Every structure is written in C-alpha cells, then in structure tokens.
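Undergrad: The structure follows.
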Amino acid sequence: MSSLRPLLRRLPTAGVQHLTAGATTTTAAARSGCRHYVTRAHPRPVAQLPILDALDEVLDGIADRRARREERWAKYGTRIAAKKGLTVDGPYRNQDETIELALNLNLDPRKPGQALRGSVSLPHGTGRSVRVVVFTNDAALAASATEQGGGGGGPTGTVTAGGDELVASLASGTVPLTFDRALATPDMMPSLAPVARLLGPRGLMPNAKVGTIAPPSHLLEALRSQQAGQVQYRTDKGGIVHAGIAKGSFRREQIVDNLQTFLNEIQDVKPESFGKGKKGGKKGGPGKGKSPAGNKNAKYYLGASVSSTQGKGVRVDLRTVDPTSAFFMGEVEE
C-alpha cells in the first residue's frame with residue numbers, strides 16, 4: 001500500500017475506497033489460495049465425471065433433442081414439407097445419434113510400436129448398416145458373399161463382391177465407391193493397385209491388422225464380423241483414438257457393455273514402451289527433452305470424453321476408464 005499513497009492523495013474518496021477494496025480482495029484471495037482470473041495458461045477448471053455419469057448426461061441430452069425435434073415437427077412439419085415440396089407419407093423419422101468415445105493416449109504414432117490400429121467386435125454392434133465390398137476371383141465365394149448380404153441389400157447393409165472386373169469398374173467410375181468396409185483375399189492384393197489411390201484416402205484399403213484380409217476359407221466369417229458390428233480404431237497423429245460405440249436408441253446396459261469391451265481392447269493392445277515426450281532439449285541428456293517412454297510411472301490415459309452426434313463432449317474421470325483401476329466403470333470414492 002505504500003506505493004499507492006501518492007496516487008491515493010490525488011484521488012477522490014470513492015476512488016480510494018475502490019482501490020482499497022480491490023487490494024483487500026486480492027489479499028484475501030491470495031491467502032485462501034484461490035485465483036479469480038481465467039487465461040490461456042490458467043483455464044477454467046472443467047468438471048470430470050465418472051464414465052457412467054457422463055454417459056447418463058449424454059443420454060439425457062439425446063432425449064431432450066429428440067423431444068424438441070418431434071415437437072418442432074408436430075408444429076411446423078406440414079409447413080416445412082410443403083415448402084420443400086415433400087409428401088408426408090408416415091410418422092416423423094427422428095435422428096438416431098451416435099454415441100462416441102474419445103481417448104487421449106500417451107502415444108506418439110511416429111515412434112515404433114506406438115501406432116495403434118485394429119478392430120474389435122462389440123457385443124451389441126454399432127447400430128449402423130455397413131456397406132461392404134468383397135474382392136475375390138472365386139465366383140462361388142463372391143456369390144455366397146452377396147447372398148449373405150441379403151442379395152445386395154438388407155438390414156445388415158449392402159454387399160458387392162467380385163474380382164478383377166469389379167476392380168476395373170471401380171477404377172473407371174462405373175461402380176461408385178460408396179462403401180464403408182472392404183474385404184479381400186490375399187491373392188487379390190496385387191490386383192488392387194489400380195484403385196489403391198481411391199481406397200487408401202477413404203480408409204478402405206484392406207489391411208491384415210484390422211482383419212480385412214482373410215483367406216477364402218475365412219472370408220465369409222470375416223464378412224459376418226464386419227456386418228455384426230465390428231468397430232475399427234486407429235490413433236491419429238496426436239495419439240487420440242475416436243470410436244463410435246453405440247446409437248442413442250440402444251438400452252443403457254447395451255451401451256455400457258460396448259464401452260467396457262472397447263476399453264478392455266485398448267488396454268490389451270497397450271505398448272510395452274510408450275510416451276509422447278517433450279519437444280526441445282538436448283539429445284540424450286536428462287533435461288527437458290527426455291522422453292518418458294519406458295518409464296514405469298508414465299500414464300497411459302491422458303484424457304477421455306463421451307459425446308454424441310449433436311451434443312457437446314463430457315469429460316470423464318480417467319480412473320473410471322482404466323481397466324486396471326479399482327474404479328473401472330464405477331463410481332469414484334473421494
């Protein structure tokens with residue numbers, strides 16, 4: 001306060017009281033250990049909920065938005081349909097939002113052994129209709145795959161099967177590339193070179209790591225796994241894994257089972273040595289640039305959140321997503 005005395009002499013009484021109150025408040029905040037400012041370096045703390053509480057919050061948001069859409073359609077549906085030139089031929093088909101899980105893992109995909117990629121079959125599926133293209137030169141096997149897909153369409157999606165002729169049709173654009181998954185037998189991989197630039201950027205190039213390359217004897221089984229609800233996962237350049245776990249129309253117990261299965265899969269593929277490390281520092285020295293890879297105390301999970309298609313993400317307490325924790329898929333006891 002001694003540095004403020006020359007200024008306080010020149011201020012009116014109201015100004016003196018305001019500065020004195022501000023100094024008192026700052027001193028009290030400093031004594032209590034609380035800060036009353038928010039900056040980029042000091043962001044506002046975000047609440048982290050147990051995984052089941054976060055899931056309930058996401059489901060509540062889905063139910064609220066669903067009710068609002070139905071109410072809006074009941075009030076303005078006829079007017080909207082007339083404006084767009086549509087015919088109302090049945091009840092309102094509401095959106096079935098996807099529930100997604102995002103895991104920030106302590107992985108650096110640029111380092112060997114830390115780029116996770118694979119697939120896992122969820123016990124209750126993903127709720128999506130999967131369109132699959134099967135590459136095989138065996139005409140009988142292609143016919144069986146098409147028949148398994150419901151003759152080209154059905155509740156499990158659409159299956160298109162063929163060999164070199166199908167590859168040529170995709171390369172020329174005769175057959176549109178509107179598929180979600182691609183399966184192939186090992187002998188067809190060299191023949192896929194003309195369409196590799198089309199399949200690769202879309203994530204459709206068959207890969208043995210995700211089970212999309214199968215011998216002829218296991219091809220139909222692999223096709224059933226893809227249609228039954230097999231979800232693929234892959235770490236992006238930041239070490240984050242995104243996956244669609246279920247639909248909002250699923251029962252809560254089904255979503256919990258899918259979540260638990262996926263989290264156990266991520267734990268099972270945990271690398272022996274991992275760590276993102278820090279940028280900068282001297283090479284080989286114990287300074288700032290030392291990577292925590294190989295450190296037994298390094299954390300595998302750095303962050304987690306649950307969200308839906310049109311909802312905001314909800315931060316999750318990491319103790320409830322770690323299968324090695326005593327609080328896995330449960331409540332946290334303080």
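Identifiers in the structure tokens: chain A, B, ... in order shown; residue index from 1 per chain; ligand index from 1 in order shown.
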Which of region 201-244 of chain A end up as alpha helix (DSSP H) when DSSP is run on this backbone - answer as a list in words?

TA: Leu219, Leu220, Glu221, Ala222, Leu223, Arg224, Ser225, Gln226, Gln227, Ala228 and Gly229 of chain A

Undergrad: Leu177 (chain A): which residues within 9 Å, counting only C-alpha atoms, same-chain residues fewer than 4 positions away excluded, as a list in words?

TA: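 The contact residues come out as Leu170, Gly173, Leu198 and Leu199 of chain A.
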
Undergrad: Extract, using only C-alpha atoms, all DNA, RNA and protein residues at most 7 Å from Gly248 (chain A), discarding same-chain residues fewer than 6 positions from it, and format them as a PyMOL selection string.

TA: chain A and resi 59+62+96-99

Undergrad: I need the chosen residues saved as a PDB file, in the first residue's frame, with C-alpha atoms.

TA:
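Done, and the output landed in result-v2.pdb:
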```
ATOM      1  CA  LEU A  59     -28.240 -39.782 -23.000  1.00  0.00           C
ATOM      2  CA  ILE A  62     -30.071 -37.014 -26.747  1.00  0.00           C
ATOM      3  CA  ASP A  96     -30.661 -41.673 -34.092  1.00  0.00           C
ATOM      4  CA  GLU A  97     -27.490 -40.024 -32.805  1.00  0.00           C
ATOM      5  CA  THR A  98     -24.225 -41.907 -32.442  1.00  0.00           C
ATOM      6  CA  ILE A  99     -22.500 -42.077 -29.069  1.00  0.00           C
TER       7      ILE A  99
END
```

Undergrad: What is the CA of Asp108 (chain A)-CA of Ser325 (chain A) distance in Å, reported with one decimal?

TA: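 Distance between the two atoms: 23.4 Å.
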
Undergrad: Give me the residues near Pro176 (chain A) as an MDAnalysis selection string, where near means some atom within 12 Å (using only C-alpha atoms) and where sequence neighbours in that chain fewer than 4 positions away do not count.

TA: chainID A and resid 133 160 166:172 198:199

Undergrad: What's the separation between CA of Gly239 (chain A) and CA of Leu263 (chain A), in Å to one decimal place?

TA: 15.4 Å

Undergrad: How many Å separate CA of Leu192 (chain A) from CA of Glu221 (chain A)?

TA: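 Pair CA of Leu192 (chain A) / CA of Glu221 (chain A) returns 21.7 Å.
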
Undergrad: Give me, as a PDB file with all heavy atoms, in the first residue's frame, all polymer residues having an atom no more than 7 Å from region 41-57 of chain A, counting only C-alpha atoms and skipping those fewer than 2 positions away in the same chain.

TA:
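Contents of the output file part.pdb:
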```pdb
ATOM      1  N   VAL A  38      -9.052 -16.002 -15.422  1.00  0.00           N
ATOM      2  CA  VAL A  38      -9.007 -17.093 -16.383  1.00  0.00           C
ATOM      3  C   VAL A  38      -8.210 -16.627 -17.591  1.00  0.00           C
ATOM      4  O   VAL A  38      -8.542 -15.608 -18.209  1.00  0.00           O
ATOM      5  CB  VAL A  38     -10.419 -17.529 -16.820  1.00  0.00           C
ATOM      6  CG1 VAL A  38     -10.326 -18.607 -17.893  1.00  0.00           C
ATOM      7  CG2 VAL A  38     -11.218 -18.041 -15.639  1.00  0.00           C
ATOM      8  N   THR A  39      -7.142 -17.309 -17.916  1.00  0.00           N
ATOM      9  CA  THR A  39      -6.304 -17.008 -19.064  1.00  0.00           C
ATOM     10  C   THR A  39      -6.042 -18.303 -19.822  1.00  0.00           C
ATOM     11  O   THR A  39      -6.482 -19.385 -19.419  1.00  0.00           O
ATOM     12  CB  THR A  39      -4.973 -16.369 -18.642  1.00  0.00           C
ATOM     13  OG1 THR A  39      -4.230 -17.324 -17.857  1.00  0.00           O
ATOM     14  CG2 THR A  39      -5.205 -15.114 -17.812  1.00  0.00           C
ATOM     15  N   LEU A  59     -26.940 -39.208 -22.663  1.00  0.00           N
ATOM     16  CA  LEU A  59     -28.240 -39.782 -23.000  1.00  0.00           C
ATOM     17  C   LEU A  59     -29.375 -38.804 -22.705  1.00  0.00           C
ATOM     18  O   LEU A  59     -30.357 -38.741 -23.448  1.00  0.00           O
ATOM     19  CB  LEU A  59     -28.444 -41.086 -22.229  1.00  0.00           C
ATOM     20  CG  LEU A  59     -27.558 -42.269 -22.647  1.00  0.00           C
ATOM     21  CD1 LEU A  59     -27.792 -43.465 -21.742  1.00  0.00           C
ATOM     22  CD2 LEU A  59     -27.814 -42.639 -24.093  1.00  0.00           C
ATOM     23  N   ASP A  60     -29.249 -38.038 -21.617  1.00  0.00           N
ATOM     24  CA  ASP A  60     -30.266 -37.025 -21.316  1.00  0.00           C
ATOM     25  C   ASP A  60     -30.311 -35.960 -22.408  1.00  0.00           C
ATOM     26  O   ASP A  60     -31.391 -35.508 -22.816  1.00  0.00           O
ATOM     27  CB  ASP A  60     -29.978 -36.374 -19.960  1.00  0.00           C
ATOM     28  CG  ASP A  60     -30.205 -37.336 -18.799  1.00  0.00           C
ATOM     29  OD1 ASP A  60     -30.889 -38.358 -19.011  1.00  0.00           O
ATOM     30  OD2 ASP A  60     -29.680 -37.077 -17.700  1.00  0.00           O
ATOM     31  N   GLY A  61     -29.132 -35.546 -22.902  1.00  0.00           N
ATOM     32  CA  GLY A  61     -29.099 -34.574 -23.990  1.00  0.00           C
ATOM     33  C   GLY A  61     -29.722 -35.123 -25.261  1.00  0.00           C
ATOM     34  O   GLY A  61     -30.431 -34.404 -25.982  1.00  0.00           O
ATOM     35  N   VAL A 306     -16.895 -38.388 -23.589  1.00  0.00           N
ATOM     36  CA  VAL A 306     -18.014 -39.063 -24.251  1.00  0.00           C
ATOM     37  C   VAL A 306     -18.891 -37.984 -24.858  1.00  0.00           C
ATOM     38  O   VAL A 306     -19.146 -36.948 -24.238  1.00  0.00           O
ATOM     39  CB  VAL A 306     -18.817 -39.918 -23.255  1.00  0.00           C
ATOM     40  CG1 VAL A 306     -19.985 -40.611 -23.954  1.00  0.00           C
ATOM     41  CG2 VAL A 306     -17.930 -40.946 -22.597  1.00  0.00           C
ATOM     42  N   VAL A 314     -18.436 -34.572 -22.888  1.00  0.00           N
ATOM     43  CA  VAL A 314     -18.421 -34.583 -21.426  1.00  0.00           C
ATOM     44  C   VAL A 314     -17.115 -35.239 -20.989  1.00  0.00           C
ATOM     45  O   VAL A 314     -16.827 -36.380 -21.357  1.00  0.00           O
ATOM     46  CB  VAL A 314     -19.629 -35.347 -20.856  1.00  0.00           C
ATOM     47  CG1 VAL A 314     -19.591 -35.328 -19.328  1.00  0.00           C
ATOM     48  CG2 VAL A 314     -20.931 -34.755 -21.361  1.00  0.00           C
ATOM     49  N   ARG A 315     -16.324 -34.500 -20.226  1.00  0.00           N
ATOM     50  CA  ARG A 315     -15.047 -35.026 -19.745  1.00  0.00           C
ATOM     51  C   ARG A 315     -15.280 -36.145 -18.743  1.00  0.00           C
ATOM     52  O   ARG A 315     -16.196 -36.088 -17.922  1.00  0.00           O
ATOM     53  CB  ARG A 315     -14.228 -33.909 -19.108  1.00  0.00           C
ATOM     54  CG  ARG A 315     -13.819 -32.802 -20.066  1.00  0.00           C
ATOM     55  CD  ARG A 315     -12.714 -33.253 -20.982  1.00  0.00           C
ATOM     56  NE  ARG A 315     -11.502 -33.529 -20.258  1.00  0.00           N
ATOM     57  CZ  ARG A 315     -10.587 -32.613 -19.943  1.00  0.00           C
ATOM     58  NH1 ARG A 315     -10.749 -31.360 -20.325  1.00  0.00           N
ATOM     59  NH2 ARG A 315      -9.499 -32.952 -19.286  1.00  0.00           N
ATOM     60  N   VAL A 316     -14.419 -37.160 -18.802  1.00  0.00           N
ATOM     61  CA  VAL A 316     -14.583 -38.356 -17.988  1.00  0.00           C
ATOM     62  C   VAL A 316     -13.401 -38.494 -17.036  1.00  0.00           C
ATOM     63  O   VAL A 316     -12.252 -38.218 -17.405  1.00  0.00           O
ATOM     64  CB  VAL A 316     -14.695 -39.604 -18.889  1.00  0.00           C
ATOM     65  CG1 VAL A 316     -14.830 -40.867 -18.051  1.00  0.00           C
ATOM     66  CG2 VAL A 316     -15.876 -39.472 -19.838  1.00  0.00           C
ATOM     67  N   ASP A 317     -13.692 -38.913 -15.819  1.00  0.00           N
ATOM     68  CA  ASP A 317     -12.656 -39.201 -14.838  1.00  0.00           C
ATOM     69  C   ASP A 317     -11.852 -40.404 -15.318  1.00  0.00           C
ATOM     70  O   ASP A 317     -12.404 -41.481 -15.586  1.00  0.00           O
ATOM     71  CB  ASP A 317     -13.291 -39.488 -13.473  1.00  0.00           C
ATOM     72  CG  ASP A 317     -12.263 -39.480 -12.347  1.00  0.00           C
ATOM     73  OD1 ASP A 317     -11.146 -39.994 -12.549  1.00  0.00           O
ATOM     74  OD2 ASP A 317     -12.576 -38.962 -11.260  1.00  0.00           O
ATOM     75  N   THR A 320     -12.101 -44.097 -14.065  1.00  0.00           N
ATOM     76  CA  THR A 320     -13.236 -44.953 -14.403  1.00  0.00           C
ATOM     77  C   THR A 320     -13.152 -45.526 -15.821  1.00  0.00           C
ATOM     78  O   THR A 320     -14.037 -46.285 -16.213  1.00  0.00           O
ATOM     79  CB  THR A 320     -14.545 -44.158 -14.258  1.00  0.00           C
ATOM     80  OG1 THR A 320     -14.536 -43.036 -15.145  1.00  0.00           O
ATOM     81  CG2 THR A 320     -14.704 -43.669 -12.830  1.00  0.00           C
ATOM     82  N   VAL A 321     -12.120 -45.168 -16.591  1.00  0.00           N
ATOM     83  CA  VAL A 321     -11.928 -45.742 -17.926  1.00  0.00           C
ATOM     84  C   VAL A 321     -10.704 -46.644 -17.993  1.00  0.00           C
ATOM     85  O   VAL A 321     -10.477 -47.292 -19.020  1.00  0.00           O
ATOM     86  CB  VAL A 321     -11.810 -44.635 -18.997  1.00  0.00           C
ATOM     87  CG1 VAL A 321     -13.063 -43.793 -19.034  1.00  0.00           C
ATOM     88  CG2 VAL A 321     -10.588 -43.764 -18.759  1.00  0.00           C
ATOM     89  N   MET A 329     -15.364 -48.408 -14.613  1.00  0.00           N
ATOM     90  CA  MET A 329     -16.787 -48.493 -14.932  1.00  0.00           C
ATOM     91  C   MET A 329     -17.648 -48.390 -13.668  1.00  0.00           C
ATOM     92  O   MET A 329     -18.717 -48.992 -13.582  1.00  0.00           O
ATOM     93  CB  MET A 329     -17.112 -49.787 -15.682  1.00  0.00           C
ATOM     94  CG  MET A 329     -16.406 -49.953 -16.998  1.00  0.00           C
ATOM     95  SD  MET A 329     -16.804 -48.665 -18.205  1.00  0.00           S
ATOM     96  CE  MET A 329     -18.532 -48.989 -18.480  1.00  0.00           C
ATOM     97  N   GLY A 330     -17.189 -47.596 -12.713  1.00  0.00           N
ATOM     98  CA  GLY A 330     -17.934 -47.454 -11.477  1.00  0.00           C
ATOM     99  C   GLY A 330     -17.887 -46.030 -10.964  1.00  0.00           C
ATOM    100  O   GLY A 330     -17.544 -45.088 -11.692  1.00  0.00           O
ATOM    101  N   GLU A 331     -18.243 -45.854  -9.712  1.00  0.00           N
ATOM    102  CA  GLU A 331     -18.217 -44.554  -9.074  1.00  0.00           C
ATOM    103  C   GLU A 331     -16.879 -44.344  -8.373  1.00  0.00           C
ATOM    104  O   GLU A 331     -16.203 -45.288  -7.992  1.00  0.00           O
ATOM    105  CB  GLU A 331     -19.361 -44.435  -8.051  1.00  0.00           C
ATOM    106  CG  GLU A 331     -20.753 -44.571  -8.666  1.00  0.00           C
ATOM    107  CD  GLU A 331     -21.088 -43.396  -9.569  1.00  0.00           C
ATOM    108  OE1 GLU A 331     -20.512 -42.314  -9.358  1.00  0.00           O
ATOM    109  OE2 GLU A 331     -21.912 -43.580 -10.476  1.00  0.00           O
ATOM    110  N   VAL A 332     -16.513 -43.084  -8.222  1.00  0.00           N
ATOM    111  CA  VAL A 332     -15.259 -42.726  -7.589  1.00  0.00           C
ATOM    112  C   VAL A 332     -15.539 -42.325  -6.154  1.00  0.00           C
ATOM    113  O   VAL A 332     -16.373 -41.478  -5.875  1.00  0.00           O
ATOM    114  CB  VAL A 332     -14.567 -41.563  -8.342  1.00  0.00           C
ATOM    115  CG1 VAL A 332     -13.292 -41.159  -7.630  1.00  0.00           C
ATOM    116  CG2 VAL A 332     -14.271 -41.979  -9.774  1.00  0.00           C
TER     117      VAL A 332
END
```

Undergrad: Which residue, A:Asn264, A:Leu219, A:Arg68, A:Thr78, has the smallest gap to Asp138 (chain A) when you use only C-alpha atoms?

TA: A:Leu219

Undergrad: Just list as a list in words whatever in region 131-234 of chain A DSSP marks as strand (DSSP E).

TA: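 Going through region 131-234 of chain A, the strand (DSSP E) residues come out as Val132, Val133, Val134, Phe135, Val159, Thr160, Ala161, Gly162, Arg181, Ala182, Leu183, Ala184, Gln230, Val231, Gln232, Tyr233 and Arg234 of chain A.
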
Undergrad: The selected residues should be written to file as a short mmCIF file (atom, residue, chain, number, x, y, z; two decimals), in the first residue's frame (atoms: C-alpha atoms).

TA:
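Below you can see part.cif, which holds the result:
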```
data_model
loop_
_atom_site.label_atom_id
_atom_site.label_comp_id
_atom_site.auth_asym_id
_atom_site.auth_seq_id
_atom_site.Cartn_x
_atom_site.Cartn_y
_atom_site.Cartn_z
CA VAL A 132 -19.09 -53.92 -47.74
CA VAL A 133 -17.19 -54.59 -50.95
CA VAL A 134 -15.54 -58.00 -51.23
CA PHE A 135 -12.66 -58.61 -53.65
CA VAL A 159 -22.53 -56.43 -50.09
CA THR A 160 -20.88 -56.11 -53.51
CA ALA A 161 -18.50 -58.90 -54.47
CA GLY A 162 -16.30 -59.51 -57.48
CA ARG A 181 -15.58 -51.50 -45.46
CA ALA A 182 -13.52 -53.53 -47.94
CA LEU A 183 -12.53 -57.18 -47.66
CA ALA A 184 -10.12 -59.08 -49.88
CA GLN A 230 -17.02 -54.60 -35.69
CA VAL A 231 -15.57 -51.18 -34.97
CA GLN A 232 -12.14 -50.14 -36.21
CA TYR A 233 -9.84 -47.85 -34.23
CA ARG A 234 -6.65 -46.03 -35.06
#
```

Undergrad: Taking only C-alpha atoms into account, name the residue in A:Gly113, A:Pro190, A:Gly275, A:Gly313 that is nearest to Lys299 (chain A).

TA: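 Of A:Gly113, A:Pro190, A:Gly275, A:Gly313, the one nearest Lys299 (chain A) is A:Gly275, counting only C-alpha atoms.
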